[in-house]
Structures are given as C-alpha cells and as structure tokens.
$ cat upload.txt   # compact mmCIF, C-alpha atoms
# COMPACT_ATOMS: atom_id res chain seq x y z
CA MET X 9 -27.84 3.38 1.01
CA ASN X 10 -27.69 2.66 4.71
CA VAL X 11 -24.58 3.11 6.85
CA ARG X 12 -23.81 -0.60 7.01
CA LEU X 13 -23.80 -0.95 3.20
CA TYR X 14 -21.83 2.30 2.84
CA LEU X 15 -19.12 0.96 5.17
CA TRP X 16 -18.95 -2.41 3.38
CA GLN X 17 -18.74 -0.59 0.04
CA ARG X 18 -15.85 1.60 1.20
CA ALA X 19 -14.03 -1.18 3.11
CA THR X 20 -14.09 -3.52 0.11
CA ALA X 21 -12.99 -0.61 -2.11
CA ALA X 22 -9.98 0.10 0.13
CA LEU X 23 -9.13 -3.62 0.28
CA MET X 24 -9.28 -3.90 -3.50
CA VAL X 25 -6.91 -0.97 -4.21
CA PRO X 26 -3.77 -3.13 -3.80
CA LEU X 27 -5.56 -6.18 -5.26
CA VAL X 28 -6.46 -4.31 -8.46
CA LEU X 29 -2.95 -2.83 -8.75
CA VAL X 30 -1.46 -6.34 -8.56
CA HIS X 31 -4.11 -7.59 -11.03
CA ILE X 32 -3.19 -4.89 -13.56
CA ALA X 33 0.51 -5.68 -13.09
CA VAL X 34 -0.21 -9.40 -13.68
CA ILE X 35 -2.27 -8.57 -16.79
CA PHE X 36 0.68 -6.60 -18.20
CA TYR X 37 3.12 -9.35 -17.27
CA ALA X 38 0.95 -12.14 -18.71
CA ALA X 39 -0.62 -10.47 -21.73
CA ARG X 40 1.19 -10.77 -25.01
CA ASN X 41 0.21 -11.69 -28.51
CA GLY X 42 -0.77 -15.38 -28.38
CA MET X 43 -0.88 -15.91 -24.59
CA THR X 44 -1.64 -19.62 -23.99
CA ALA X 45 -3.69 -21.50 -21.39
CA ALA X 46 -0.51 -23.41 -20.45
CA ASP X 47 1.18 -20.07 -19.58
CA ILE X 48 -1.63 -19.16 -17.21
CA LEU X 49 -2.21 -22.56 -15.62
CA SER X 50 1.49 -23.27 -15.06
CA ARG X 51 1.59 -20.16 -12.84
CA THR X 52 -1.64 -20.79 -10.96
CA HIS X 53 -1.89 -24.60 -10.59
CA GLY X 54 -1.51 -25.70 -6.97
CA SER X 55 -0.53 -22.23 -5.76
CA ILE X 56 -1.91 -21.37 -2.32
CA VAL X 57 -0.76 -17.78 -2.77
CA TRP X 58 -2.77 -17.28 -5.98
CA ALA X 59 -5.76 -19.18 -4.54
CA SER X 60 -5.77 -16.89 -1.46
CA TYR X 61 -5.22 -13.74 -3.50
CA TYR X 62 -7.94 -14.48 -6.06
CA GLY X 63 -10.27 -15.92 -3.39
CA LEU X 64 -10.06 -12.68 -1.41
CA PHE X 65 -10.42 -10.64 -4.62
CA VAL X 66 -13.57 -12.56 -5.64
CA ALA X 67 -15.14 -12.12 -2.18
CA ALA X 68 -14.40 -8.37 -2.07
CA ALA X 69 -15.48 -7.76 -5.70
CA SER X 70 -18.74 -9.69 -5.19
CA ILE X 71 -19.71 -7.61 -2.16
CA HIS X 72 -18.54 -4.33 -3.73
CA ALA X 73 -20.28 -4.93 -7.08
CA ALA X 74 -23.52 -6.13 -5.47
CA ILE X 75 -23.79 -2.98 -3.32
CA GLY X 76 -22.90 -0.77 -6.29
CA VAL X 77 -25.50 -2.43 -8.54
CA ARG X 78 -28.07 -2.10 -5.76
CA ASN X 79 -27.45 1.64 -5.51
CA VAL X 80 -27.62 2.17 -9.28
CA LEU X 81 -30.86 0.16 -9.56
CA ALA X 82 -32.43 1.99 -6.61
CA GLU X 83 -31.63 5.39 -8.18
CA TRP X 84 -31.96 4.72 -11.91
CA SER X 85 -34.49 1.89 -12.32
CA PRO X 86 -38.17 1.64 -11.47
CA LEU X 87 -37.21 -0.92 -8.79
CA LYS X 88 -37.77 0.28 -5.24
CA ASP X 89 -35.13 -0.23 -2.51
CA ARG X 90 -36.51 -3.66 -1.64
CA GLY X 91 -36.49 -4.94 -5.21
CA ALA X 92 -33.01 -3.51 -5.83
CA SER X 93 -31.73 -5.21 -2.67
CA GLN X 94 -33.20 -8.56 -3.67
CA PHE X 95 -31.64 -8.33 -7.13
CA ALA X 96 -28.29 -7.31 -5.62
CA ILE X 97 -28.26 -10.25 -3.19
CA VAL X 98 -28.87 -12.72 -6.02
CA PHE X 99 -26.24 -10.97 -8.18
CA GLY X 100 -23.69 -10.96 -5.34
CA PHE X 101 -24.12 -14.69 -4.70
CA LEU X 102 -23.94 -15.39 -8.46
CA LEU X 103 -20.64 -13.48 -8.68
CA ALA X 104 -19.23 -15.19 -5.59
CA GLY X 105 -20.24 -18.63 -6.91
CA LEU X 106 -18.89 -18.09 -10.42
CA GLY X 107 -15.75 -16.46 -8.99
CA ALA X 108 -15.07 -19.35 -6.60
CA ARG X 109 -15.57 -21.76 -9.52
CA ALA X 110 -13.07 -19.76 -11.62
CA VAL X 111 -10.48 -19.81 -8.81
CA PHE X 112 -11.00 -23.56 -8.43
CA ALA X 113 -10.62 -23.98 -12.21
CA VAL X 114 -7.25 -22.23 -12.50
CA VAL X 115 -5.71 -23.32 -9.18
CA LEU X 116 -7.07 -26.71 -8.18
CA SER X 117 -8.64 -28.52 -11.14
CA MET G 69 -30.19 27.49 -22.77
CA ILE G 70 -29.40 24.97 -20.04
CA ALA G 71 -32.06 24.47 -17.39
CA ARG G 72 -30.89 25.71 -13.99
CA GLY G 73 -31.13 22.26 -12.42
CA ALA G 74 -28.97 20.70 -15.14
CA MET G 75 -26.10 23.21 -15.10
CA HIS G 76 -23.89 21.03 -12.90
CA ARG G 77 -24.00 18.35 -15.59
CA GLY G 78 -21.24 20.03 -17.57
CA SER G 79 -18.90 20.00 -14.58
CA ALA G 80 -15.79 17.82 -14.77
CA LEU G 81 -16.58 16.35 -11.35
CA TRP G 82 -20.16 15.49 -12.35
CA ILE G 83 -18.74 13.72 -15.40
CA ALA G 84 -16.17 11.99 -13.11
CA ALA G 85 -19.01 10.68 -10.91
CA LEU G 86 -20.92 9.49 -13.99
CA VAL G 87 -17.81 7.79 -15.41
CA HIS G 88 -17.22 6.10 -12.04
CA ARG G 89 -20.78 4.80 -11.96
CA LEU G 90 -20.87 3.64 -15.59
CA SER G 91 -17.42 2.01 -15.41
CA GLY G 92 -18.50 0.17 -12.25
CA LEU G 93 -21.69 -0.99 -13.93
CA ALA G 94 -19.80 -2.18 -17.02
CA LEU G 95 -17.27 -4.07 -14.85
CA ALA G 96 -20.12 -5.69 -12.90
CA ILE G 97 -21.64 -6.90 -16.19
CA PHE G 98 -18.22 -8.14 -17.42
CA LEU G 99 -17.27 -10.02 -14.21
CA PRO G 100 -19.61 -13.04 -14.60
CA LEU G 101 -18.35 -13.49 -18.19
CA HIS G 102 -14.73 -13.24 -16.99
CA PHE G 103 -15.38 -15.90 -14.34
CA LEU G 104 -17.18 -18.17 -16.83
CA ALA G 105 -14.23 -17.90 -19.23
CA LEU G 106 -11.69 -18.84 -16.54
CA GLY G 107 -14.03 -21.63 -15.39
CA LEU G 108 -13.51 -23.32 -18.79
CA ALA G 109 -10.27 -24.71 -17.32
CA ILE G 110 -12.39 -27.10 -15.21
CA ASP G 111 -12.99 -29.10 -18.39
CA GLY G 112 -9.29 -29.12 -19.19
CA GLU G 113 -6.55 -26.85 -20.54
CA ALA G 114 -7.70 -27.36 -24.14
CA LYS G 115 -11.07 -25.71 -23.47
CA LEU G 116 -9.40 -22.57 -22.03
CA GLU G 117 -6.85 -22.63 -24.87
CA GLY G 118 -9.66 -22.66 -27.44
CA PHE G 119 -11.21 -19.61 -25.81
CA LEU G 120 -7.86 -17.76 -25.67
CA ARG G 121 -7.35 -18.34 -29.39
CA TRP G 122 -10.79 -16.77 -29.96
CA THR G 123 -9.56 -13.71 -28.03
CA ASP G 124 -6.72 -13.24 -30.54
CA GLN G 125 -9.18 -11.38 -32.81
CA PRO G 126 -8.33 -7.67 -33.10
CA LEU G 127 -11.84 -6.61 -32.07
CA VAL G 128 -11.59 -8.68 -28.86
CA LYS G 129 -8.18 -7.15 -28.10
CA PHE G 130 -9.63 -3.65 -28.49
CA ALA G 131 -12.47 -4.66 -26.14
CA GLU G 132 -9.87 -5.89 -23.62
CA GLY G 133 -8.11 -2.53 -23.92
CA GLY G 134 -11.46 -0.91 -23.13
CA LEU G 135 -11.82 -3.12 -20.06
CA ILE G 136 -8.32 -2.11 -18.86
CA PHE G 137 -9.40 1.53 -19.23
CA LEU G 138 -12.64 0.87 -17.29
CA LEU G 139 -10.82 -0.99 -14.49
CA THR G 140 -8.13 1.68 -14.16
CA VAL G 141 -10.50 4.65 -14.33
CA HIS G 142 -12.77 2.97 -11.73
CA LEU G 143 -9.76 2.28 -9.49
CA LEU G 144 -8.40 5.84 -9.71
CA GLY G 145 -11.86 7.43 -9.45
CA GLY G 146 -12.61 5.30 -6.39
CA LEU G 147 -9.25 6.17 -4.86
CA ARG G 148 -10.09 9.87 -5.27
CA VAL G 149 -13.43 9.32 -3.49
CA LEU G 150 -11.76 7.40 -0.63
CA VAL G 151 -9.15 10.17 -0.19
CA ILE G 152 -11.80 12.92 -0.22
CA GLU G 153 -13.89 11.07 2.37
CA ASN G 154 -11.08 10.10 4.73
CA PHE G 155 -8.46 12.86 4.51
CA ASP G 156 -8.32 16.65 4.51
CA TRP G 157 -9.79 18.38 1.46
CA ARG G 158 -7.32 19.14 -1.31
CA ASP G 159 -7.90 21.64 -4.10
CA GLY G 160 -7.51 20.62 -7.72
CA GLN G 161 -10.10 17.81 -7.74
CA LYS G 162 -11.08 18.58 -11.34
CA GLN G 163 -7.45 18.30 -12.42
CA LEU G 164 -7.06 15.04 -10.47
CA ALA G 165 -10.18 13.57 -12.11
CA THR G 166 -8.88 14.58 -15.56
CA LEU G 167 -5.46 13.12 -14.71
CA ALA G 168 -7.15 9.83 -13.68
CA ALA G 169 -8.90 9.59 -17.05
CA ALA G 170 -5.71 10.47 -18.96
CA LEU G 171 -3.60 7.96 -17.00
CA SER G 172 -6.22 5.25 -17.61
CA ALA G 173 -6.18 5.95 -21.34
CA ILE G 174 -2.36 5.77 -21.38
CA ILE G 175 -2.35 2.44 -19.51
CA ALA G 176 -5.00 1.02 -21.89
CA PHE G 177 -2.88 2.20 -24.83
CA PHE G 178 0.23 0.45 -23.46
CA PHE G 179 -1.84 -2.72 -22.99
CA LEU G 180 -2.94 -2.58 -26.63
CA ALA G 181 0.66 -1.97 -27.75
CA ARG G 182 1.66 -5.10 -25.81
CA VAL G 183 -0.98 -7.45 -27.19
CA PHE G 184 -0.88 -6.37 -30.84

$ encode --input "upload.txt" --output "structure tokens"
Amino acid sequence: MNVRLYLWQRATAALMVPLVLVHIAVIFYAARNGMTAADILSRTHGSIVWASYYGLFVAAASIHAAIGVRNVLAEWSPLKDRGASQFAIVFGFLLAGLGARAVFAVVLS
Amino acid sequence: MIARGAMHRGSALWIAALVHRLSGLALAIFLPLHFLALGLAIDGEAKLEGFLRWTDQPLVKFAEGGLIFLLTVHLLGGLRVLVIENFDWRDGQKQLATLAAALSAIIAFFFLARVF
C-alpha cells in the first residue's frame, strides 16, 4: 500500500468513527420487531440532513472499502498489485453508485 | 509442535488483526446488498415493505445481529489502530482488543433482544 492510499484509508476511517456511532444508534432506535418501510421513509423523505449524512457516509465507505479490498486481494489472492487495484477501482465505483442510488431512494424518490 | 514462523498466530493481537480484516471483508461484501435493498424504495414504499417483511424471519434477524457484531468489532478494532498510530503507546493492547470483541458481542446481543 502506498502512502497516498494509506492516508486515504486512515482519513476515511477517522471520518467514519462518528458516522458509524450515529448509524448504530439509529439502528437501535429504528429496529424493532416488525419495523415498516413507512417508519423509515417518514424519517428520511426530503431530509437534507439525512441526505448529507448518508451521502458523506457512502463516499467515505466506498473509498475505505475499496482500499481495504485492494490490500486484502494484493496480499491474499494471486492478483498482483495492478490487478488488485483495477478490481478495487471498479468495486469502489460500484459501491459509490449503488450507495448514491440508495440515498436517492430513501430521501428523494 | 508449532512451526517457529507460525507462533505469533496464537497471539490475541494477531487474532485481532485477522478479525479486523475478515470483518472488513464481510462488511464490504454486505454493503452492495444493503444498498440494493434500500434502493427498492425507488419503485415505491410497497417494494421496500415487502423486503422488510422478508427480514422478519428469525434466521435473517440472527444474520443482522451478526452484522451488528461485525460493524462494531470493525469500528472498535479500527479505533484501536488509529489510536496506536497517532498517540503515545499504551500498554494493555491485548486486553483492549478482547474488550472490543466482548463489547461488540454485548451490543449484538442487545440488538437481538430488541428485534425478537
């Protein structure tokens, strides 16, 4: 892992510490036996706060996960650095795209 | 007899590093599925509702408890790494790693108690 990737990995990790803590708190608040879609969407629909929070979370998680997957592949799979990087870039963009779609789905659609 | 090069593999901190890596990998595999599930709301509330009713199955709830454990243990394990790298060294890292795993298990247990 080069220095640039190392710094991105650690910066996104530090950024996600409060984001994950809030996420776990929301899971505990929201989760109950028989949680409904209406419960979730009534909280998130049209909320700029939730759109910003989850948008930032998706961006940070996509970068963090892509770098992590790259490192695991480079060390544990037959893929060389170059192949692992290419896979990670595709994976990172896939996560970011699906994540942005999910945020759109619960906040704006 | 354990080979000399593999002796560190019994260490609590080696296991902590392995748990951090495997939990991260599992979360990376779960994330696209999580996003796809939430994306069902694009086609209307009923689609998401149908999926949520599927998640009422006990086996799915146990899997969600497992995901809470993975997320928490990855968070706490990562926090330990960030503190080690950016602040003065503190003794008791093995105890901290064990505490992180125990706390994660407790949080996952409370989640399960809430959804069942």

$ residues_around --input "upload.txt" --residues "Phe177 (chain G)" --least-positions-apart "5" --cutoff "9 Å" --atoms "all atoms listed in the file" --output "PyMOL selection string"
chain G and resi 133+137+172+182

$ interface_residues --input "upload.txt" --of "chain X" --to "chain G" --cutoff "10 Å" --atoms "all atoms listed in the file" --output "ChimeraX atom specification"
/X:18-19,21-22,24-26,28-29,32,35-49,66,69-70,72-74,76-77,79-80,99-100,102-117

$ atom_distance --input "upload.txt" --atom1 "CA of Ser55 (chain X)" --atom2 "CA of Thr20 (chain X)"
23.8 Å

$ atom_distance --input "upload.txt" --atom1 "CA of Asp156 (chain G)" --atom2 "CA of Leu27 (chain X)"
25.0 Å

$ closest_residue --input "upload.txt" --among "G:Met75, G:Ala80, G:Asn154, G:His88" --to "Thr166 (chain G)" --atoms "all atoms listed in the file"
G:Ala80

$ axis_aligned_box --input "upload.txt" --around "region 19-38 of chain X" --padding-each-side "5 Å" --output "AutoDock Vina command-line options"
--center_x -5.5 --center_y -6.0 --center_z -7.8 --size_x 27.2 --size_y 22.2 --size_z 31.8

$ atom_distance --input "upload.txt" --atom1 "CA of Gln125 (chain G)" --atom2 "CA of Thr52 (chain X)"
25.0 Å

$ closest_residue --input "upload.txt" --among "G:Gly78, G:Gly145, G:Pro126, G:Gly134" --to "Ala94 (chain G)" --atoms "only C-alpha atoms"
G:Gly134
